[in-house]
file structure13.csv (CSV, C-alpha atoms)
chain,number,residue,atom,x,y,z
A,1,GLY,CA,24.0,-35.0,1.8
A,2,GLY,CA,22.1,-35.8,5.0
A,3,ARG,CA,19.8,-32.8,4.6
A,4,LYS,CA,16.0,-32.9,4.7
A,5,LYS,CA,14.4,-33.0,1.3
A,6,SER,CA,17.7,-33.8,-0.4
A,7,SER,CA,18.6,-37.1,-2.0
A,8,THR,CA,21.5,-38.9,-3.7
A,9,THR,CA,19.6,-38.7,-7.0
A,10,GLU,CA,20.1,-35.0,-7.0
A,11,HIS,CA,23.8,-35.3,-6.7
A,12,LEU,CA,23.9,-38.0,-9.4
A,13,LEU,CA,21.8,-36.0,-11.8
A,14,THR,CA,23.9,-32.9,-11.2
A,15,LEU,CA,27.1,-34.8,-11.9
A,16,MET,CA,25.6,-36.4,-15.1
A,17,MET,CA,24.6,-32.9,-16.4
A,18,TYR,CA,28.1,-31.7,-15.6
A,19,MET,CA,29.5,-34.5,-17.7
A,20,LYS,CA,27.2,-34.0,-20.6
A,21,ARG,CA,27.9,-30.3,-20.7
A,22,LEU,CA,31.6,-30.7,-20.7
A,23,GLU,CA,31.4,-33.5,-23.3
A,24,LYS,CA,29.6,-31.0,-25.5
A,25,GLU,CA,31.7,-27.9,-24.7
A,26,GLN,CA,35.3,-29.3,-24.7
A,27,GLY,CA,35.1,-33.0,-25.3
A,28,GLY,CA,35.4,-34.1,-21.7
A,29,GLY,CA,36.6,-33.1,-18.2
A,30,ILE,CA,38.1,-34.2,-14.9
A,31,CYS,CA,36.1,-35.6,-12.0
A,32,GLN,CA,37.7,-35.7,-8.6
A,33,PHE,CA,36.4,-38.5,-6.3
A,34,MET,CA,37.5,-38.4,-2.7
A,35,ASP,CA,36.6,-40.5,0.3
A,36,ILE,CA,37.4,-39.7,4.0
A,37,LYS,CA,38.5,-42.2,6.5
A,38,THR,CA,36.3,-42.7,9.7
A,39,CYS,CA,34.5,-39.4,8.9
A,40,PHE,CA,32.1,-39.2,11.8
A,41,ASP,CA,34.7,-40.2,14.4
A,42,LYS,CA,37.1,-37.6,13.3
A,43,MET,CA,34.6,-34.7,13.1
A,44,THR,CA,34.6,-32.8,16.4
A,45,LEU,CA,31.3,-31.8,17.9
A,46,SER,CA,32.6,-28.3,18.8
A,47,ASP,CA,33.4,-27.5,15.1
A,48,SER,CA,30.0,-28.8,14.0
A,49,LEU,CA,28.1,-26.8,16.5
A,50,TYR,CA,30.0,-23.7,15.6
A,51,GLU,CA,29.0,-24.1,11.9
A,52,CYS,CA,25.4,-24.7,12.9
A,53,ALA,CA,25.4,-21.5,15.0
A,54,GLN,CA,26.8,-19.6,12.1
A,55,ALA,CA,24.0,-20.9,10.0
A,56,GLY,CA,21.4,-19.6,12.4
A,57,VAL,CA,20.7,-22.6,14.7
A,58,VAL,CA,21.0,-21.1,18.2
A,59,GLY,CA,19.5,-21.3,21.6
A,60,LYS,CA,17.6,-24.3,22.8
A,61,PRO,CA,17.8,-26.3,19.5
A,62,LEU,CA,21.6,-26.0,19.5
A,63,ARG,CA,21.8,-27.0,23.2
A,64,THR,CA,19.5,-30.0,22.6
A,65,VAL,CA,21.8,-31.2,19.8
A,66,LYS,CA,24.8,-30.9,22.1
A,67,ALA,CA,23.0,-32.7,25.0
A,68,ILE,CA,21.9,-35.6,22.8
A,69,THR,CA,25.2,-36.0,20.8
A,70,ASN,CA,27.9,-35.3,23.4
A,71,ASN,CA,29.1,-37.9,25.9
A,72,LEU,CA,27.3,-40.6,23.9
A,73,THR,CA,27.6,-44.2,25.2
A,74,ILE,CA,27.9,-46.8,22.5
A,75,LYS,CA,27.8,-50.6,22.5
A,76,ILE,CA,28.6,-53.3,19.9
A,77,GLN,CA,25.4,-55.1,18.7
A,78,GLY,CA,25.7,-58.8,19.4
A,79,ASP,CA,28.6,-58.4,21.8
A,80,PRO,CA,28.5,-61.3,24.3
A,81,ASN,CA,29.9,-59.0,27.0
A,82,THR,CA,26.9,-56.8,27.5
A,83,SER,CA,28.6,-54.6,30.1
A,84,ARG,CA,31.3,-53.5,27.6
A,85,CYS,CA,30.7,-49.9,26.4
A,86,LYS,CA,32.5,-46.8,25.3
A,87,GLU,CA,31.7,-43.1,26.0
A,88,LEU,CA,32.4,-40.7,23.2
A,89,SER,CA,33.1,-37.0,23.9
A,90,ASN,CA,33.4,-34.1,21.5
A,91,CYS,CA,32.7,-36.2,18.4
A,92,LEU,CA,29.6,-36.9,16.3
A,93,GLY,CA,30.0,-40.7,16.6
A,94,GLN,CA,28.5,-43.4,14.4
A,95,GLY,CA,24.8,-43.8,14.0
A,96,THR,CA,23.6,-40.6,15.6
A,97,VAL,CA,20.8,-38.7,13.7
A,98,TYR,CA,22.8,-35.5,13.8
A,99,ALA,CA,26.0,-36.9,12.4
A,100,PRO,CA,25.3,-36.8,8.7
A,101,THR,CA,23.9,-33.3,8.8
A,102,GLY,CA,26.6,-31.9,11.1
A,103,THR,CA,29.4,-33.4,9.1
A,104,GLY,CA,27.9,-32.2,5.8
A,105,VAL,CA,27.4,-28.6,7.0
A,106,THR,CA,30.9,-28.4,8.5
A,107,MET,CA,32.7,-29.9,5.5
A,108,ALA,CA,30.8,-27.7,3.0
A,109,SER,CA,31.5,-24.5,5.0
A,110,THR,CA,35.2,-25.1,5.6
A,111,LEU,CA,35.8,-26.2,2.0
A,112,GLU,CA,34.0,-23.1,0.7
A,113,THR,CA,36.2,-20.9,2.8
A,114,ASN,CA,39.5,-22.6,1.7
A,115,MET,CA,38.4,-22.6,-2.0
A,116,ALA,CA,37.8,-18.8,-1.8
A,117,LYS,CA,41.2,-18.3,-0.2
A,118,LYS,CA,43.1,-20.4,-2.8
A,119,GLU,CA,41.1,-18.7,-5.6
A,120,ALA,CA,42.1,-15.3,-4.3
A,121,GLU,CA,45.8,-16.3,-4.3
A,122,LYS,CA,45.6,-17.7,-7.8
A,123,VAL,CA,43.9,-14.6,-9.3
A,124,PHE,CA,47.1,-12.6,-8.9
A,125,GLU,CA,48.7,-14.9,-11.5
A,126,ASP,CA,45.6,-15.3,-13.7
A,127,GLU,CA,42.7,-12.9,-13.3
A,128,ASN,CA,40.3,-15.3,-15.0
A,129,PHE,CA,41.0,-18.2,-12.7
A,130,THR,CA,38.1,-19.7,-10.7
A,131,LEU,CA,37.4,-22.9,-8.9
A,132,THR,CA,33.7,-22.7,-9.8
A,133,PRO,CA,33.9,-22.2,-13.6
A,134,ILE,CA,30.9,-21.6,-15.8
A,135,SER,CA,30.4,-24.1,-18.6
A,136,GLY,CA,27.5,-23.1,-20.9
A,137,PRO,CA,24.7,-22.1,-18.6
A,138,ILE,CA,25.8,-24.0,-15.5
A,139,CYS,CA,28.3,-23.5,-12.6
A,140,LEU,CA,30.6,-26.5,-11.8
A,141,ALA,CA,30.3,-26.5,-8.0
A,142,PRO,CA,31.6,-29.3,-5.7
A,143,LEU,CA,29.2,-32.0,-4.5
A,144,LEU,CA,29.5,-33.3,-1.0
A,145,VAL,CA,27.5,-36.2,0.6
A,146,VAL,CA,28.9,-36.6,4.1
A,147,ASP,CA,32.2,-38.4,3.6
A,148,ASP,CA,32.1,-38.6,-0.2
A,149,MET,CA,33.1,-35.6,-2.3
A,150,ASN,CA,33.1,-34.9,-6.1
A,151,LYS,CA,34.4,-31.9,-8.0
A,152,THR,CA,34.2,-31.7,-11.7
A,153,CYS,CA,37.0,-29.6,-13.3
A,154,MET,CA,37.5,-28.2,-16.7
A,155,LYS,CA,41.3,-28.1,-16.6
A,156,ALA,CA,44.2,-29.8,-14.9
A,157,GLU,CA,45.3,-26.6,-13.2
A,158,GLU,CA,41.9,-26.2,-11.6
A,159,SER,CA,42.0,-29.8,-10.3
A,160,SER,CA,45.5,-29.2,-8.9
A,161,VAL,CA,44.5,-26.0,-7.0
A,162,MET,CA,41.3,-27.7,-5.8
A,163,GLY,CA,43.5,-30.5,-4.4
A,164,THR,CA,45.3,-27.9,-2.3
A,165,ALA,CA,42.0,-26.5,-1.0
A,166,ILE,CA,40.8,-30.0,-0.1
A,167,THR,CA,44.1,-30.7,1.7
A,168,GLU,CA,43.8,-27.6,3.9
A,169,THR,CA,40.1,-28.4,4.7
A,170,LEU,CA,41.0,-31.9,5.8
A,171,ASP,CA,44.0,-30.8,7.8
A,172,GLU,CA,41.9,-28.1,9.5
A,173,LEU,CA,39.2,-30.6,10.5
A,174,LYS,CA,41.9,-33.2,11.5
A,175,MET,CA,40.6,-35.6,8.9
A,176,GLU,CA,42.4,-38.0,6.5
A,177,ALA,CA,41.6,-38.8,2.9
A,178,HIS,CA,41.5,-42.4,1.7
A,179,PRO,CA,44.3,-42.8,-0.9
A,180,GLU,CA,42.9,-46.0,-2.4
A,181,LYS,CA,39.3,-44.8,-2.7
A,182,SER,CA,40.3,-41.4,-4.0
A,183,GLY,CA,41.2,-40.7,-7.7
A,184,LEU,CA,40.6,-38.8,-10.9
A,185,LEU,CA,38.1,-39.9,-13.6
A,186,VAL,CA,39.2,-38.2,-16.8
A,187,PHE,CA,36.3,-38.7,-19.3
A,188,GLY,CA,35.2,-37.8,-22.8
A,189,ARG,CA,36.7,-38.1,-26.3
A,190,ASN,CA,39.6,-35.8,-25.4
A,191,ARG,CA,40.5,-37.7,-22.2
A,192,ASN,CA,44.0,-38.6,-23.4
A,193,LYS,CA,44.9,-34.9,-23.9
A,194,LEU,CA,43.5,-34.1,-20.5
A,195,LYS,CA,45.5,-36.9,-18.9
A,196,GLU,CA,48.7,-35.5,-20.3
A,197,GLU,CA,47.9,-32.1,-18.8
A,198,VAL,CA,47.2,-33.8,-15.4
A,199,LEU,CA,50.5,-35.5,-15.5
A,200,LYS,CA,52.2,-32.2,-16.0
A,201,THR,CA,50.1,-30.5,-13.2
A,202,PRO,CA,49.2,-33.4,-10.8
A,203,THR,CA,46.5,-33.2,-8.2
A,204,ILE,CA,48.0,-33.8,-4.7
A,205,ILE,CA,45.9,-34.3,-1.6
A,206,GLN,CA,47.6,-34.7,1.8
A,207,GLY,CA,50.9,-35.8,0.2
A,208,PHE,CA,49.6,-38.4,-2.2
A,209,GLU,CA,49.1,-37.9,-5.9
A,210,MET,CA,45.6,-38.8,-7.1
A,211,GLY,CA,45.8,-41.4,-9.8
A,212,PHE,CA,43.6,-42.2,-12.8
A,213,LYS,CA,40.5,-44.4,-12.6
A,214,ASP,CA,38.6,-46.1,-15.5
A,215,THR,CA,35.4,-46.4,-13.5
A,216,GLU,CA,34.3,-45.1,-10.1
A,217,THR,CA,31.3,-46.0,-7.9
A,218,TYR,CA,29.7,-42.8,-6.5
A,219,LEU,CA,26.5,-43.0,-4.5
A,220,GLY,CA,25.7,-46.4,-6.0
A,221,MET,CA,26.2,-45.4,-9.6
A,222,GLN,CA,29.1,-46.4,-11.9
A,223,PHE,CA,30.9,-43.5,-13.7
A,224,SER,CA,33.0,-44.4,-16.7
A,225,THR,CA,35.9,-42.7,-18.4
A,226,LEU,CA,34.0,-43.2,-21.7
A,227,GLY,CA,31.4,-40.6,-20.7
A,228,SER,CA,27.8,-40.3,-19.5
A,229,ASN,CA,26.1,-42.8,-21.7
A,230,ASP,CA,28.7,-45.5,-20.8
A,231,SER,CA,28.2,-44.6,-17.2
A,232,ILE,CA,24.6,-45.6,-17.4
A,233,MET,CA,25.5,-48.9,-19.1
A,234,LYS,CA,28.1,-49.7,-16.5
A,235,THR,CA,25.6,-49.0,-13.7
A,236,LEU,CA,23.0,-51.3,-15.3
A,237,GLU,CA,25.5,-54.1,-15.7
A,238,ALA,CA,26.4,-53.8,-12.0
A,239,ARG,CA,22.7,-53.7,-11.1
A,240,ARG,CA,22.0,-56.9,-13.1
A,241,LEU,CA,24.6,-58.8,-11.1
A,242,LYS,CA,23.1,-57.6,-7.8
A,243,CYS,CA,19.5,-58.3,-8.8
A,244,ASN,CA,20.4,-61.8,-10.0
A,245,ILE,CA,22.0,-62.6,-6.7
A,246,LYS,CA,19.0,-61.2,-4.7
A,247,ALA,CA,16.6,-63.1,-7.0
A,248,MET,CA,18.3,-66.4,-6.2
A,249,GLU,CA,18.3,-65.6,-2.5
A,250,LEU,CA,14.6,-64.8,-2.6
A,251,ARG,CA,13.9,-68.0,-4.4
A,252,ARG,CA,15.5,-70.0,-1.7
A,253,LYS,CA,13.6,-68.2,1.1
A,254,LEU,CA,10.3,-68.8,-0.7
A,255,GLU,CA,10.9,-72.5,-0.3
A,256,ASP,CA,10.6,-72.2,3.5
A,257,ASP,CA,7.5,-73.9,5.0
A,258,ARG,CA,6.5,-70.8,6.9
A,259,VAL,CA,6.0,-68.9,3.6
A,260,GLN,CA,3.5,-71.5,2.4
A,261,GLY,CA,1.1,-70.5,5.3
A,262,ILE,CA,0.8,-66.9,4.3
A,263,GLY,CA,0.7,-67.3,0.5
A,264,TRP,CA,3.7,-68.1,-1.6
A,265,LEU,CA,2.8,-66.0,-4.7
A,266,ALA,CA,1.7,-63.0,-2.7
A,267,THR,CA,5.0,-63.0,-0.8
A,268,ALA,CA,7.0,-63.4,-3.9
A,269,ILE,CA,5.4,-60.5,-5.6
A,270,THR,CA,5.6,-58.2,-2.6
A,271,VAL,CA,9.3,-58.9,-1.9
A,272,PHE,CA,10.1,-58.8,-5.6
A,273,ASN,CA,8.8,-55.2,-5.9
A,274,ALA,CA,10.4,-54.2,-2.6
A,275,VAL,CA,13.9,-55.7,-3.2
A,276,ILE,CA,14.5,-56.5,-6.9
A,277,VAL,CA,12.7,-53.5,-8.5
A,278,SER,CA,14.1,-51.0,-6.0
A,279,THR,CA,17.6,-52.3,-6.4
A,280,LEU,CA,17.4,-52.1,-10.2
A,281,THR,CA,15.9,-48.6,-10.4
A,282,TYR,CA,17.8,-46.9,-7.5
A,283,GLY,CA,18.9,-43.4,-8.6
A,284,CYS,CA,17.2,-43.8,-12.0
A,285,GLY,CA,16.3,-40.1,-11.9
A,286,ALA,CA,19.9,-39.5,-13.0
A,287,TRP,CA,19.7,-41.7,-16.1
A,288,VAL,CA,19.1,-38.8,-18.5
A,289,ASN,CA,18.5,-39.4,-22.3
A,290,MET,CA,18.7,-43.2,-22.1
A,291,LEU,CA,19.4,-45.1,-25.3
A,292,LYS,CA,17.6,-48.1,-26.7
A,293,LYS,CA,20.3,-50.5,-25.4
A,294,HIS,CA,19.8,-49.1,-21.9
A,295,SER,CA,16.0,-49.7,-22.0
A,296,GLU,CA,16.4,-53.2,-23.3
A,297,HIS,CA,19.0,-54.1,-20.7
A,298,ILE,CA,16.8,-52.9,-17.8
A,299,GLU,CA,13.7,-54.8,-19.0
A,300,GLN,CA,15.8,-58.0,-19.6
A,301,THR,CA,17.2,-57.8,-16.1
A,302,GLN,CA,13.7,-57.6,-14.6
A,303,ARG,CA,12.5,-60.4,-16.8
A,304,GLN,CA,15.3,-62.8,-15.9
A,305,CYS,CA,14.9,-62.0,-12.2
A,306,LEU,CA,11.1,-62.5,-12.3
A,307,PHE,CA,11.5,-65.9,-14.0
A,308,THR,CA,14.1,-66.9,-11.4
A,309,VAL,CA,11.9,-66.0,-8.5
A,310,LEU,CA,8.8,-67.7,-9.9
A,311,ALA,CA,10.9,-70.7,-11.2
A,312,ILE,CA,9.2,-70.7,-14.6
A,313,SER,CA,10.5,-71.2,-18.1
A,314,ASN,CA,12.3,-68.4,-20.0
A,315,ARG,CA,9.9,-69.2,-22.9
A,316,SER,CA,6.9,-67.8,-20.8
A,317,ASN,CA,5.3,-64.7,-22.1
A,318,TYR,CA,6.8,-61.8,-20.0
A,319,ARG,CA,4.0,-59.4,-20.5
A,320,ASN,CA,1.4,-61.9,-19.5
A,321,ILE,CA,3.3,-62.7,-16.3
A,322,LEU,CA,3.5,-59.0,-15.4
A,323,SER,CA,-0.2,-58.6,-16.0
A,324,THR,CA,-1.0,-61.7,-13.9
A,325,CYS,CA,1.3,-60.7,-11.0
A,326,LYS,CA,0.3,-57.0,-11.3
A,327,ILE,CA,3.9,-55.9,-11.6
A,328,MET,CA,4.8,-52.8,-13.6
A,329,PRO,CA,7.4,-53.0,-16.4
A,330,ALA,CA,10.7,-51.7,-15.3
A,331,LEU,CA,10.7,-48.8,-17.8
A,332,ASP,CA,7.3,-47.7,-16.6
A,333,VAL,CA,8.6,-47.7,-13.0
A,334,ILE,CA,11.5,-45.5,-14.1
A,335,LYS,CA,9.2,-43.1,-16.0
A,336,LYS,CA,7.0,-42.8,-12.9
A,337,MET,CA,10.0,-42.2,-10.6
A,338,LYS,CA,11.4,-39.5,-13.0
A,339,ILE,CA,8.1,-37.7,-13.0
A,340,CYS,CA,7.8,-37.8,-9.2
A,341,PHE,CA,11.4,-36.6,-8.9
A,342,VAL,CA,11.0,-33.6,-11.3
A,343,ASN,CA,7.6,-32.7,-9.7
A,344,GLN,CA,9.2,-32.6,-6.2
A,345,MET,CA,12.3,-30.7,-7.5
A,346,ILE,CA,10.6,-28.1,-9.7
A,347,HIS,CA,7.3,-27.5,-7.9
A,348,MET,CA,8.1,-28.2,-4.3
A,349,LYS,CA,11.8,-27.8,-3.4
A,350,LYS,CA,12.6,-25.0,-5.9
A,351,GLN,CA,16.2,-24.6,-4.6
A,352,GLY,CA,19.6,-26.2,-4.5
A,353,ILE,CA,22.5,-27.0,-6.9
A,354,CYS,CA,20.5,-29.7,-8.8
A,355,TYR,CA,17.5,-27.3,-9.2
A,356,ASP,CA,19.7,-24.5,-10.5
A,357,THR,CA,21.6,-26.8,-12.9
A,358,LEU,CA,18.5,-28.6,-14.2
A,359,THR,CA,16.5,-25.4,-14.9
A,360,ALA,CA,19.6,-23.6,-16.4
A,361,GLU,CA,20.2,-26.4,-18.9
A,362,HIS,CA,16.4,-26.7,-19.7
A,363,ASN,CA,16.2,-23.0,-20.4
A,364,LYS,CA,19.3,-23.1,-22.5
A,365,GLY,CA,17.7,-25.8,-24.7
A,366,GLU,CA,21.0,-27.2,-26.1
A,367,LEU,CA,20.9,-30.5,-24.2
A,368,LYS,CA,18.0,-32.8,-23.5
A,369,THR,CA,17.2,-32.7,-19.7
A,370,LEU,CA,15.1,-34.7,-17.3
A,371,ILE,CA,12.4,-31.9,-17.6
A,372,ASP,CA,12.3,-32.5,-21.4
A,373,GLU,CA,11.9,-36.3,-20.9
A,374,VAL,CA,9.1,-35.9,-18.4
A,375,SER,CA,7.3,-33.3,-20.6
A,376,GLU,CA,7.3,-35.8,-23.5
call {"tool": "encode", "arguments": {"input": "structure13.csv", "output": "structure tokens"}}
result
Amino acid sequence: GGRKKSSTTEHLLTLMMYMKRLEKEQGGGICQFMDIKTCFDKMTLSDSLYECAQAGVVGKPLRTVKAITNNLTIKIQGDPNTSRCKELSNCLGQGTVYAPTGTGVTMASTLETNMAKKEAEKVFEDENFTLTPISGPICLAPLLVVDDMNKTCMKAEESSVMGTAITETLDELKMEAHPEKSGLLVFGRNRNKLKEEVLKTPTIIQGFEMGFKDTETYLGMQFSTLGSNDSIMKTLEARRLKCNIKAMELRRKLEDDRVQGIGWLATAITVFNAVIVSTLTYGCGAWVNMLKKHSEHIEQTQRQCLFTVLAISNRSNYRNILSTCKIMPALDVIKKMKICFVNQMIHMKKQGICYDTLTAEHNKGELKTLIDEVSE
């Protein structure tokens, strides 16, 4: 997270492939979702700079980062008292360009160290134990996006030990997990059996026991305890609500007299593509192996929003309206975005957890991947 040429779609697609693999291998798994309170404010600049130096960023670049980030003066936008300000020292602060990258690098490095330590301790009891198990052709590694973390586990014992590693990481960095926003999503057809195992071996982070969740929003996508296909459906249902609200807001704004002067229809089409379509299709690269009900739901959402914005009858011919307004069908937009995502991942980036997971599953050939969809 926060790294150049990386995106939330990579994390979402990786997690979806983890879920599909575990659904096939053992009928489900355990997803840990954790959120950190005031992440940037708690992360110290000294810890972050140390990790950057360990990663090879030294000399003038490192001094420049320190000079720009340290002793930063901040103000509240819109504050009537313009003279009121606060100077921040030895922290990354909110809104700085370096904050997401520095936080992500430090969190990942510290967590990796603590995971290795806990794994070494547990190996004395079980020589086959690991916190990064192999399921089929893929390795179930933790996913971190700044202050949001996900770890997909195969067993309750793995989840419990992982909780200890996370606790030590947060304590070391003087951070605090958010109890209400953190929890376990036990998914798949064998979820009831897995829940029983979790109750016997609970996952505890900083003194609180992680509870069960039926759904969880992670990076804008809804994940469901019923599995990967239901996760896509839950996401589309949430997007429909957001799109309908934005369509009604856009309709009201188009009634402004100032819009009439620059062209009502041109403005409607431009803003519709920029706001409604982008909201509906955000992260669609992770929607692997979509079913017919998913495709129909997406197109129906765009159809209803378009009719709302243009204030026309629902009996109008949807395809003719799209052709007249030169708007692509939602499914065609998703296909285009998936092709662009795979092209950038396979032919340009060629590295990272998502790349390794995607290519491993494609080469294995047991599950349909995004590469297979694009090839068709």
call {"tool": "closest_residue", "arguments": {"input": "structure13.csv", "among": "A:Pro202, A:Gly78, A:Pro133, A:Gly207", "to": "Glu168 (chain A)", "atoms": "all atoms listed in the file"}}
result
A:Gly207
call {"tool": "residues_around", "arguments": {"input": "structure13.csv", "residues": "Leu88 (chain A)", "least_positions_apart": "6", "cutoff": "9 Å", "atoms": "all atoms listed in the file", "output": "ChimeraX atom specification"}}
result
/A:69-74
call {"tool": "closest_residue", "arguments": {"input": "structure13.csv", "among": "A:Arg191, A:Lys338, A:Arg252, A:Lys246", "to": "Gln302 (chain A)", "atoms": "only C-alpha atoms"}}
result
A:Lys246
call {"tool": "atom_distance", "arguments": {"input": "structure13.csv", "atom1": "CA of Arg239 (chain A)", "atom2": "CA of Leu280 (chain A)"}}
result
5.6 Å
call {"tool": "atom_distance", "arguments": {"input": "structure13.csv", "atom1": "CA of Gly183 (chain A)", "atom2": "CA of Glu157 (chain A)"}}
result
15.7 Å
call {"tool": "closest_residue", "arguments": {"input": "structure13.csv", "among": "A:Ile298, A:Gly352, A:Gln260, A:Thr235", "to": "Thr217 (chain A)", "atoms": "only C-alpha atoms"}}
result
A:Thr235
call {"tool": "closest_residue", "arguments": {"input": "structure13.csv", "among": "A:Thr8, A:Met17, A:Ala120, A:Glu125", "to": "Lys368 (chain A)", "atoms": "only C-alpha atoms"}}
result
A:Met17
call {"tool": "build_atoms", "arguments": {"input": "structure13.csv", "residues": "region 20-34 of chain A", "atoms": "N, CA, C and O atoms", "output": "PDB file, in the coordinates of the input"}}
result
ATOM      1  N   LYS A  20      27.726 -34.238 -19.249  1.00  0.00           N
ATOM      2  CA  LYS A  20      27.200 -34.000 -20.600  1.00  0.00           C
ATOM      3  C   LYS A  20      27.514 -32.635 -21.113  1.00  0.00           C
ATOM      4  O   LYS A  20      27.797 -32.467 -22.306  1.00  0.00           O
ATOM      5  N   ARG A  21      27.511 -31.632 -20.238  1.00  0.00           N
ATOM      6  CA  ARG A  21      27.900 -30.300 -20.700  1.00  0.00           C
ATOM      7  C   ARG A  21      29.317 -30.190 -21.093  1.00  0.00           C
ATOM      8  O   ARG A  21      29.634 -29.600 -22.138  1.00  0.00           O
ATOM      9  N   LEU A  22      30.229 -30.779 -20.306  1.00  0.00           N
ATOM     10  CA  LEU A  22      31.600 -30.700 -20.700  1.00  0.00           C
ATOM     11  C   LEU A  22      31.957 -31.568 -21.886  1.00  0.00           C
ATOM     12  O   LEU A  22      32.858 -31.233 -22.665  1.00  0.00           O
ATOM     13  N   GLU A  23      31.226 -32.665 -22.081  1.00  0.00           N
ATOM     14  CA  GLU A  23      31.400 -33.500 -23.300  1.00  0.00           C
ATOM     15  C   GLU A  23      31.043 -32.651 -24.533  1.00  0.00           C
ATOM     16  O   GLU A  23      31.686 -32.766 -25.572  1.00  0.00           O
ATOM     17  N   LYS A  24      30.036 -31.811 -24.402  1.00  0.00           N
ATOM     18  CA  LYS A  24      29.600 -31.000 -25.500  1.00  0.00           C
ATOM     19  C   LYS A  24      30.550 -29.782 -25.724  1.00  0.00           C
ATOM     20  O   LYS A  24      30.925 -29.454 -26.846  1.00  0.00           O
ATOM     21  N   GLU A  25      30.956 -29.138 -24.626  1.00  0.00           N
ATOM     22  CA  GLU A  25      31.700 -27.900 -24.700  1.00  0.00           C
ATOM     23  C   GLU A  25      33.187 -28.137 -25.086  1.00  0.00           C
ATOM     24  O   GLU A  25      33.741 -27.428 -25.918  1.00  0.00           O
ATOM     25  N   GLN A  26      33.840 -29.125 -24.452  1.00  0.00           N
ATOM     26  CA  GLN A  26      35.300 -29.300 -24.700  1.00  0.00           C
ATOM     27  C   GLN A  26      35.699 -30.766 -24.843  1.00  0.00           C
ATOM     28  O   GLN A  26      36.873 -31.089 -24.732  1.00  0.00           O
ATOM     29  N   GLY A  27      34.732 -31.645 -25.048  1.00  0.00           N
ATOM     30  CA  GLY A  27      35.100 -33.000 -25.300  1.00  0.00           C
ATOM     31  C   GLY A  27      35.462 -33.845 -24.095  1.00  0.00           C
ATOM     32  O   GLY A  27      36.078 -34.908 -24.210  1.00  0.00           O
ATOM     33  N   GLY A  28      35.121 -33.366 -22.896  1.00  0.00           N
ATOM     34  CA  GLY A  28      35.400 -34.100 -21.700  1.00  0.00           C
ATOM     35  C   GLY A  28      35.832 -33.224 -20.528  1.00  0.00           C
ATOM     36  O   GLY A  28      35.825 -31.990 -20.635  1.00  0.00           O
ATOM     37  N   GLY A  29      36.183 -33.866 -19.424  1.00  0.00           N
ATOM     38  CA  GLY A  29      36.600 -33.100 -18.200  1.00  0.00           C
ATOM     39  C   GLY A  29      37.242 -34.029 -17.221  1.00  0.00           C
ATOM     40  O   GLY A  29      37.561 -35.186 -17.510  1.00  0.00           O
ATOM     41  N   ILE A  30      37.436 -33.487 -16.015  1.00  0.00           N
ATOM     42  CA  ILE A  30      38.100 -34.200 -14.900  1.00  0.00           C
ATOM     43  C   ILE A  30      37.203 -34.256 -13.722  1.00  0.00           C
ATOM     44  O   ILE A  30      36.770 -33.211 -13.226  1.00  0.00           O
ATOM     45  N   CYS A  31      36.910 -35.455 -13.248  1.00  0.00           N
ATOM     46  CA  CYS A  31      36.100 -35.600 -12.000  1.00  0.00           C
ATOM     47  C   CYS A  31      36.962 -36.083 -10.890  1.00  0.00           C
ATOM     48  O   CYS A  31      37.610 -37.125 -10.978  1.00  0.00           O
ATOM     49  N   GLN A  32      36.988 -35.306  -9.831  1.00  0.00           N
ATOM     50  CA  GLN A  32      37.700 -35.700  -8.600  1.00  0.00           C
ATOM     51  C   GLN A  32      36.718 -36.484  -7.713  1.00  0.00           C
ATOM     52  O   GLN A  32      35.627 -36.015  -7.424  1.00  0.00           O
ATOM     53  N   PHE A  33      37.137 -37.677  -7.290  1.00  0.00           N
ATOM     54  CA  PHE A  33      36.400 -38.500  -6.300  1.00  0.00           C
ATOM     55  C   PHE A  33      37.215 -38.677  -5.098  1.00  0.00           C
ATOM     56  O   PHE A  33      38.351 -39.156  -5.207  1.00  0.00           O
ATOM     57  N   MET A  34      36.680 -38.317  -3.936  1.00  0.00           N
ATOM     58  CA  MET A  34      37.500 -38.400  -2.700  1.00  0.00           C
ATOM     59  C   MET A  34      36.621 -39.038  -1.598  1.00  0.00           C
ATOM     60  O   MET A  34      35.441 -38.718  -1.443  1.00  0.00           O
TER      61      MET A  34
END
